[in-house]
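Just data11.cif here, mmCIF, C-alpha atoms:
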data_coords
loop_
_atom_site.label_atom_id
_atom_site.label_comp_id
_atom_site.auth_asym_id
_atom_site.auth_seq_id
_atom_site.Cartn_x
_atom_site.Cartn_y
_atom_site.Cartn_z
CA MET A 30 18.48 -16.35 24.33
CA PRO A 31 16.29 -17.60 21.50
CA PRO A 32 16.54 -21.37 21.50
CA PRO A 33 17.79 -22.86 18.24
CA ASP A 34 15.25 -25.67 18.35
CA ASN A 35 12.11 -23.55 18.05
CA GLU A 36 12.42 -23.51 14.31
CA ALA A 37 12.70 -27.29 14.07
CA ILE A 38 9.82 -27.85 16.48
CA ALA A 39 7.55 -25.46 14.59
CA GLU A 40 8.46 -27.08 11.30
CA GLN A 41 7.45 -30.51 12.59
CA VAL A 42 4.10 -29.16 13.75
CA PHE A 43 3.38 -27.46 10.43
CA THR A 44 4.49 -30.53 8.46
CA ALA A 45 2.18 -32.69 10.56
CA LEU A 46 -0.71 -30.28 10.09
CA ALA A 47 -0.21 -30.06 6.32
CA ASP A 48 -1.60 -33.57 5.91
CA PRO A 49 -5.41 -33.87 6.24
CA SER A 50 -5.28 -37.33 7.81
CA ARG A 51 -2.77 -36.30 10.45
CA ARG A 52 -4.75 -33.12 11.04
CA ALA A 53 -7.84 -35.24 11.65
CA ILE A 54 -5.94 -37.55 14.03
CA LEU A 55 -4.49 -34.64 16.02
CA ALA A 56 -7.90 -32.94 16.13
CA ALA A 57 -9.51 -36.15 17.42
CA LEU A 58 -6.86 -36.50 20.16
CA ALA A 59 -7.24 -32.81 21.09
CA SER A 60 -11.01 -32.99 21.41
CA GLY A 61 -11.46 -36.53 22.69
CA GLY A 62 -8.30 -37.18 24.69
CA PRO A 63 -5.92 -40.16 24.49
CA ALA A 64 -6.98 -42.94 22.14
CA THR A 65 -5.69 -46.14 20.54
CA ALA A 66 -5.26 -46.58 16.80
CA THR A 67 -8.37 -48.77 16.86
CA ASP A 68 -10.39 -46.05 18.65
CA LEU A 69 -9.32 -43.53 16.04
CA ALA A 70 -10.13 -45.88 13.17
CA GLY A 71 -13.67 -46.09 14.54
CA GLN A 72 -14.04 -42.30 14.51
CA LEU A 73 -12.27 -41.30 11.34
CA PRO A 74 -12.66 -42.25 7.67
CA ILE A 75 -9.09 -43.56 7.64
CA THR A 76 -7.97 -47.19 7.76
CA ARG A 77 -6.47 -48.47 10.98
CA GLN A 78 -3.30 -49.30 9.10
CA ALA A 79 -2.90 -45.74 7.82
CA ILE A 80 -3.68 -44.36 11.27
CA ALA A 81 -0.98 -46.55 12.84
CA LYS A 82 1.51 -45.27 10.30
CA HIS A 83 0.62 -41.64 10.95
CA LEU A 84 0.73 -42.14 14.73
CA ALA A 85 4.21 -43.65 14.51
CA LEU A 86 5.34 -40.63 12.52
CA LEU A 87 3.70 -38.20 14.95
CA ALA A 88 5.27 -39.98 17.93
CA GLU A 89 8.67 -39.76 16.31
CA ALA A 90 8.20 -36.04 15.82
CA GLY A 91 7.22 -35.68 19.49
CA LEU A 92 3.70 -34.48 18.71
CA VAL A 93 2.03 -37.44 20.42
CA THR A 94 3.31 -39.79 23.10
CA ALA A 95 2.62 -43.50 23.27
CA GLU A 96 1.55 -44.90 26.61
CA PRO A 97 0.28 -48.27 27.77
CA GLY A 98 -3.50 -48.59 27.56
CA GLU A 99 -5.98 -51.33 28.41
CA ARG A 100 -5.45 -54.85 27.14
CA ARG A 101 -1.88 -54.04 26.21
CA ARG A 102 -2.98 -51.64 23.52
CA VAL A 103 -0.92 -48.53 23.01
CA ARG A 104 -2.76 -45.29 23.62
CA TYR A 105 -1.65 -42.02 22.05
CA ARG A 106 -1.79 -38.68 23.76
CA LEU A 107 -1.35 -35.25 22.19
CA ARG A 108 1.72 -33.31 23.40
CA SER A 109 0.85 -29.66 23.71
CA ALA A 110 4.38 -28.25 24.08
CA PRO A 111 5.29 -28.32 20.36
CA MET A 112 1.87 -26.86 19.50
CA GLN A 113 2.61 -23.93 21.82
CA VAL A 114 5.87 -23.28 20.01
CA ALA A 115 4.02 -23.27 16.67
CA GLN A 116 1.47 -20.89 18.20
CA GLN A 117 4.27 -18.44 18.98
CA PHE A 118 5.30 -18.50 15.35
CA LEU A 119 1.71 -17.80 14.32
CA ALA A 120 1.43 -15.06 16.95
CA ALA A 121 4.27 -13.16 15.29
CA LEU A 122 2.58 -13.50 11.91
CA ALA A 123 -0.80 -12.52 13.30
CA ARG A 124 0.51 -9.41 15.06
CA ASP A 125 -0.62 -6.45 12.98
CA TRP A 126 1.27 -3.21 13.55
CA ASP A 127 0.56 -1.71 10.13
CA GLY A 128 -3.15 -1.25 10.90
CA PRO A 129 -2.66 0.46 14.29
CA LEU A 130 0.17 2.69 13.00
CA ALA A 131 -2.00 3.84 10.09
CA ALA A 132 -4.77 4.52 12.62
CA LEU A 133 -2.31 6.52 14.75
CA LYS A 134 -1.47 8.73 11.77
CA ASP A 135 -5.14 9.30 11.01
CA HIS A 136 -5.85 10.05 14.66
CA LEU A 137 -3.11 12.70 14.81
CA ASP A 138 -4.20 14.25 11.52
CA GLN A 139 -7.76 14.56 12.74
CA HIS A 140 -6.64 16.09 16.03
CA ALA A 141 -4.61 18.69 14.19
CA GLY A 142 -7.94 20.46 13.63
CA GLY A 143 -7.58 21.00 9.93
CA THR A 144 -4.22 22.78 10.12
CA GLY A 145 -2.22 19.59 9.70
CA PRO A 146 -1.77 17.66 6.49
CA ALA A 147 -4.97 16.09 5.22
CA ARG A 148 -3.48 12.60 5.14
CA SER A 149 -0.02 11.28 4.61
CA SER A 150 0.66 9.74 1.27
CA ASP A 151 1.69 6.19 2.03
CA MET B 8 16.56 -17.57 11.34
CA ALA B 9 13.06 -18.10 10.06
CA PHE B 10 11.41 -18.16 13.47
CA PRO B 11 10.38 -14.53 13.91
CA ASP B 12 11.44 -13.12 17.26
CA ARG B 13 11.00 -9.48 16.46
CA ILE B 14 8.77 -7.18 14.45
CA GLU B 15 9.92 -3.69 13.55
CA ARG B 16 8.19 -0.82 11.76
CA THR B 17 9.22 2.78 11.20
CA ILE B 18 6.86 5.46 9.99
CA GLU B 19 7.13 9.18 9.43
CA ILE B 20 4.43 11.23 11.08
CA ALA B 21 3.79 14.86 10.20
CA HIS B 22 3.36 15.91 13.81
CA PRO B 23 5.93 16.77 16.49
CA PRO B 24 7.08 14.16 19.04
CA THR B 25 5.09 15.78 21.87
CA LYS B 26 1.83 15.12 20.01
CA VAL B 27 2.82 11.58 19.10
CA TRP B 28 3.91 10.99 22.69
CA ALA B 29 0.49 12.06 23.96
CA ALA B 30 -1.26 9.73 21.52
CA LEU B 31 0.90 6.80 22.69
CA THR B 32 0.87 7.36 26.43
CA THR B 33 -2.55 8.71 27.41
CA ALA B 34 -5.79 6.84 27.95
CA GLU B 35 -7.47 9.22 25.54
CA GLY B 36 -4.92 8.55 22.81
CA LEU B 37 -4.63 4.78 23.24
CA GLY B 38 -8.40 4.50 23.54
CA THR B 39 -8.90 6.26 20.22
CA TRP B 40 -6.41 5.01 17.64
CA PHE B 41 -5.47 1.64 19.18
CA GLY B 42 -8.25 0.33 21.40
CA ASN B 43 -11.79 1.57 21.82
CA GLU B 44 -11.19 2.32 25.49
CA ALA B 45 -7.99 2.48 27.54
CA GLY B 46 -6.44 3.28 30.89
CA ILE B 47 -2.79 3.84 31.84
CA GLU B 48 -0.59 4.55 34.84
CA LEU B 49 2.32 6.22 33.10
CA ARG B 50 5.29 5.08 35.18
CA PRO B 51 7.63 2.07 34.98
CA GLY B 52 5.77 -0.82 36.59
CA GLY B 53 2.42 0.89 36.08
CA SER B 54 -0.45 -1.01 34.52
CA ALA B 55 -2.31 -0.16 31.36
CA TRP B 56 -5.16 -1.74 29.49
CA MET B 57 -7.12 -1.46 26.29
CA LYS B 58 -10.53 -2.77 25.37
CA TRP B 59 -12.07 -3.33 21.98
CA ASP B 60 -15.75 -3.27 21.10
CA GLY B 61 -15.55 -6.93 20.07
CA GLY B 62 -14.83 -7.88 23.69
CA HIS B 63 -11.08 -8.42 23.35
CA THR B 64 -8.89 -6.82 26.02
CA ALA B 65 -5.15 -6.31 26.41
CA ASP B 66 -3.38 -5.80 29.73
CA MET B 67 -0.02 -4.14 29.60
CA ARG B 68 2.73 -3.39 32.08
CA VAL B 69 4.54 -0.11 31.51
CA GLU B 70 8.31 -0.64 31.45
CA ARG B 71 10.03 2.47 30.07
CA VAL B 72 8.87 6.07 30.20
CA GLU B 73 11.33 8.60 28.84
CA GLU B 74 9.25 11.50 27.64
CA PRO B 75 9.11 12.23 24.77
CA THR B 76 11.49 9.67 23.23
CA VAL B 77 10.95 6.13 24.57
CA PHE B 78 7.80 4.36 25.72
CA GLY B 79 7.92 0.61 26.39
CA PHE B 80 5.52 -1.98 27.75
CA THR B 81 5.11 -5.75 27.90
CA TRP B 82 1.96 -7.63 27.12
CA HIS B 83 0.60 -11.10 26.68
CA ILE B 84 1.40 -12.84 23.37
CA TYR B 85 -1.75 -12.58 21.30
CA GLY B 86 -3.22 -15.99 20.52
CA LEU B 87 -1.59 -17.90 23.38
CA PRO B 88 -3.71 -19.16 26.28
CA GLU B 89 -4.54 -16.53 28.94
CA ASP B 90 -2.49 -18.32 31.60
CA ASP B 91 0.63 -18.53 29.45
CA PRO B 92 3.32 -16.50 31.23
CA ARG B 93 5.18 -15.49 28.08
CA ARG B 94 5.02 -11.80 27.15
CA THR B 95 6.46 -9.73 24.35
CA TYR B 96 8.10 -6.33 24.84
CA VAL B 97 6.90 -3.41 22.77
CA GLU B 98 9.01 -0.29 22.50
CA PHE B 99 8.15 2.95 20.72
CA THR B 100 11.01 5.29 19.88
CA LEU B 101 10.28 8.87 18.81
CA GLU B 102 12.85 10.95 16.93
CA PRO B 103 12.30 14.46 15.61
CA ALA B 104 12.31 14.46 11.79
CA GLY B 105 11.99 18.00 10.48
CA PRO B 106 8.66 19.34 11.76
CA GLY B 107 7.42 15.81 12.32
CA THR B 108 8.41 12.56 14.02
CA ARG B 109 10.06 9.34 12.97
CA LEU B 110 8.30 6.69 15.00
CA THR B 111 9.74 3.20 15.36
CA VAL B 112 7.93 0.34 17.04
CA VAL B 113 9.74 -2.88 17.91
CA GLU B 114 7.95 -5.86 19.40
CA SER B 115 10.29 -8.64 20.50
CA GLY B 116 10.17 -11.93 22.36
CA PHE B 117 8.06 -14.09 20.08
CA ALA B 118 10.72 -16.83 20.01
CA GLN B 119 11.19 -17.10 23.76
CA LEU B 120 10.49 -20.31 25.60
CA PRO B 121 10.31 -20.34 29.41
CA GLU B 122 12.34 -22.86 31.39
CA ASP B 123 9.40 -25.10 32.17
CA ALA B 124 8.37 -25.24 28.52
CA TYR B 125 11.89 -26.40 27.69
CA ARG B 126 11.52 -29.22 30.13
CA THR B 127 8.13 -30.17 28.76
CA ALA B 128 9.40 -29.91 25.22
CA TYR B 129 12.37 -32.16 25.73
CA ASP B 130 11.41 -34.82 28.17
CA GLY B 131 9.54 -37.83 26.92
CA ASN B 132 7.04 -38.05 29.73
CA ALA B 133 3.37 -37.46 29.28
CA GLN B 134 2.82 -34.40 31.42
CA GLY B 135 0.66 -31.33 31.22
CA TRP B 136 -2.99 -32.16 31.63
CA ALA B 137 -2.27 -35.79 32.44
CA SER B 138 -0.41 -34.86 35.61
CA GLU B 139 -2.67 -31.93 36.40
CA LEU B 140 -5.76 -34.11 36.18
CA GLY B 141 -3.94 -36.68 38.32
CA GLU B 142 -3.24 -34.00 40.91
CA LEU B 143 -6.87 -32.93 40.84
CA ALA B 144 -7.97 -36.52 41.42
CA ASP B 145 -5.51 -36.82 44.33
CA TYR B 146 -6.75 -33.56 45.78
CA LEU B 147 -10.39 -34.63 45.56
CA ASP B 148 -9.57 -38.03 47.05
CA ALA B 149 -7.80 -36.38 49.97
CA ALA B 150 -10.66 -33.93 50.50
CA ALA B 151 -13.33 -36.65 50.47
#

Encoded form using structure tokens:
Amino acid sequence: MPPPDNEAIAEQVFTALADPSRRAILAALASGGPATATDLAGQLPITRQAIAKHLALLAEAGLVTAEPGERRRVRYRLRSAPMQVAQQFLAALARDWDGPLAALKDHLDQHAGGTGPARSSD
Amino acid sequence: MAFPDRIERTIEIAHPPTKVWAALTTAEGLGTWFGNEAGIELRPGGSAWMKWDGGHTADMRVERVEEPTVFGFTWHIYGLPEDDPRRTYVEFTLEPAGPGTRLTVVESGFAQLPEDAYRTAYDGNAQGWASELGELADYLDAAA
């Protein structure tokens, strides 16, 4: 039973990744772990205000979760589940059957020992 | 639905099904046109593998063996982490077409989501590595 929500989840991931600032924020959370908006502003060439706006949007889309951090600051953590759904979408696009099937044809033609057709015409 | 669950290709091959069957279901065949090296236990539940010169490997589980018409196996979804339990099902169907073969390959299951991924996807809790790292810390504390 293919779940109806996969499409929506993947779309949110790809929309988030289409923006270079959000891509940078997600990449920073992936490589460095949970961080506050202030932490991220110190690492990225993006204003703290813009980062806060992007984080709110990402949290709403379920791509990061907000959790209490030190000194009552909100820390943001990457949620991997939606990324895994997007990965499935990419896996289907990255699966190449045309190459192997063409190789199968060539293989069979070569094994025919010269009596088979030289090469099919597709 | 835009989310692709299934990939299907049909090609005409100018060789009889028995030859195509051998290319699909023997280590020699799979290790020549598909991988660079291969092994296979040709029975439902049997294991099969392919290796490529670049270092990539694929482990398959044979599911259907109906010589010389249907050969099916499952394998890991390419690009997902090694420990991800999701697998796609690949089925080759061979039909005689004149002196040759009409070969269809269908790979399905890209849109599946296991039960636990559903839970992770829909609850609002921070889980995953957070809880796993917490469990590791508890384990190390207990062991100390």

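The list of chain B residues within 6 Å of chain A is Phe10, Trp40, Phe41, Tyr85, Gly86, Phe117, Ala118, Gln119 and Ala128 of chain B; this uses all atoms listed in the file.
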
Point to revise | Separation of atom CA of A:Ser50 from atom CA of A:Asp68, in Å and rounded to one decimal | key: 14.8 Å

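Every residue within 6 Å of the file position (-2.8, -0.9, 26.6), judged by all atoms listed in the file, is given as Ala55, Trp56, Met57, Ala65, Asp66 and Met67 of chain B.
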
Practice item. Please evaluate the PyMOL selection byres ((chain B and resi 98-111) around 12) against the displayed coordinates and give the resulting residues as a ChimeraX atom specification. Key: /A:126-127,130-131,133-134,137-138,145-146,149 /B:13-32,68-82,95-97,112-116

**Study point:** Selected residue of minimal separation from A:Glu99 among A:Thr65, A:Ala56, A:Val42, A:Arg51, counting all atoms listed in the file
**Key:** A:Thr65

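Computed from the coordinates, the atom CA of A:Arg101 to atom CA of A:Ile80 distance equals 17.9 Å.
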
Point to revise | Picked residues, the PyMOL selection byres ((chain B and resi 46) around 9), as number ranges by chain | key: B: 33-35, 37-38, 44-45, 47-48, 54-57

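Between atom CA of A:Leu69 and atom CA of A:Gln41 lies a distance of 21.5 Å.
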
Using all atoms of stretch 100-115 of chain A that appear in the file, construct an axis-aligned enclosing box with 3 Å of padding on every side and provide its centre coordinates and edge lengths in Å, rounded to one decimal, as AutoDock Vina command-line options.
--center_x 0.2 --center_y -39.1 --center_z 21.9 --size_x 17.3 --size_y 37.6 --size_z 16.5
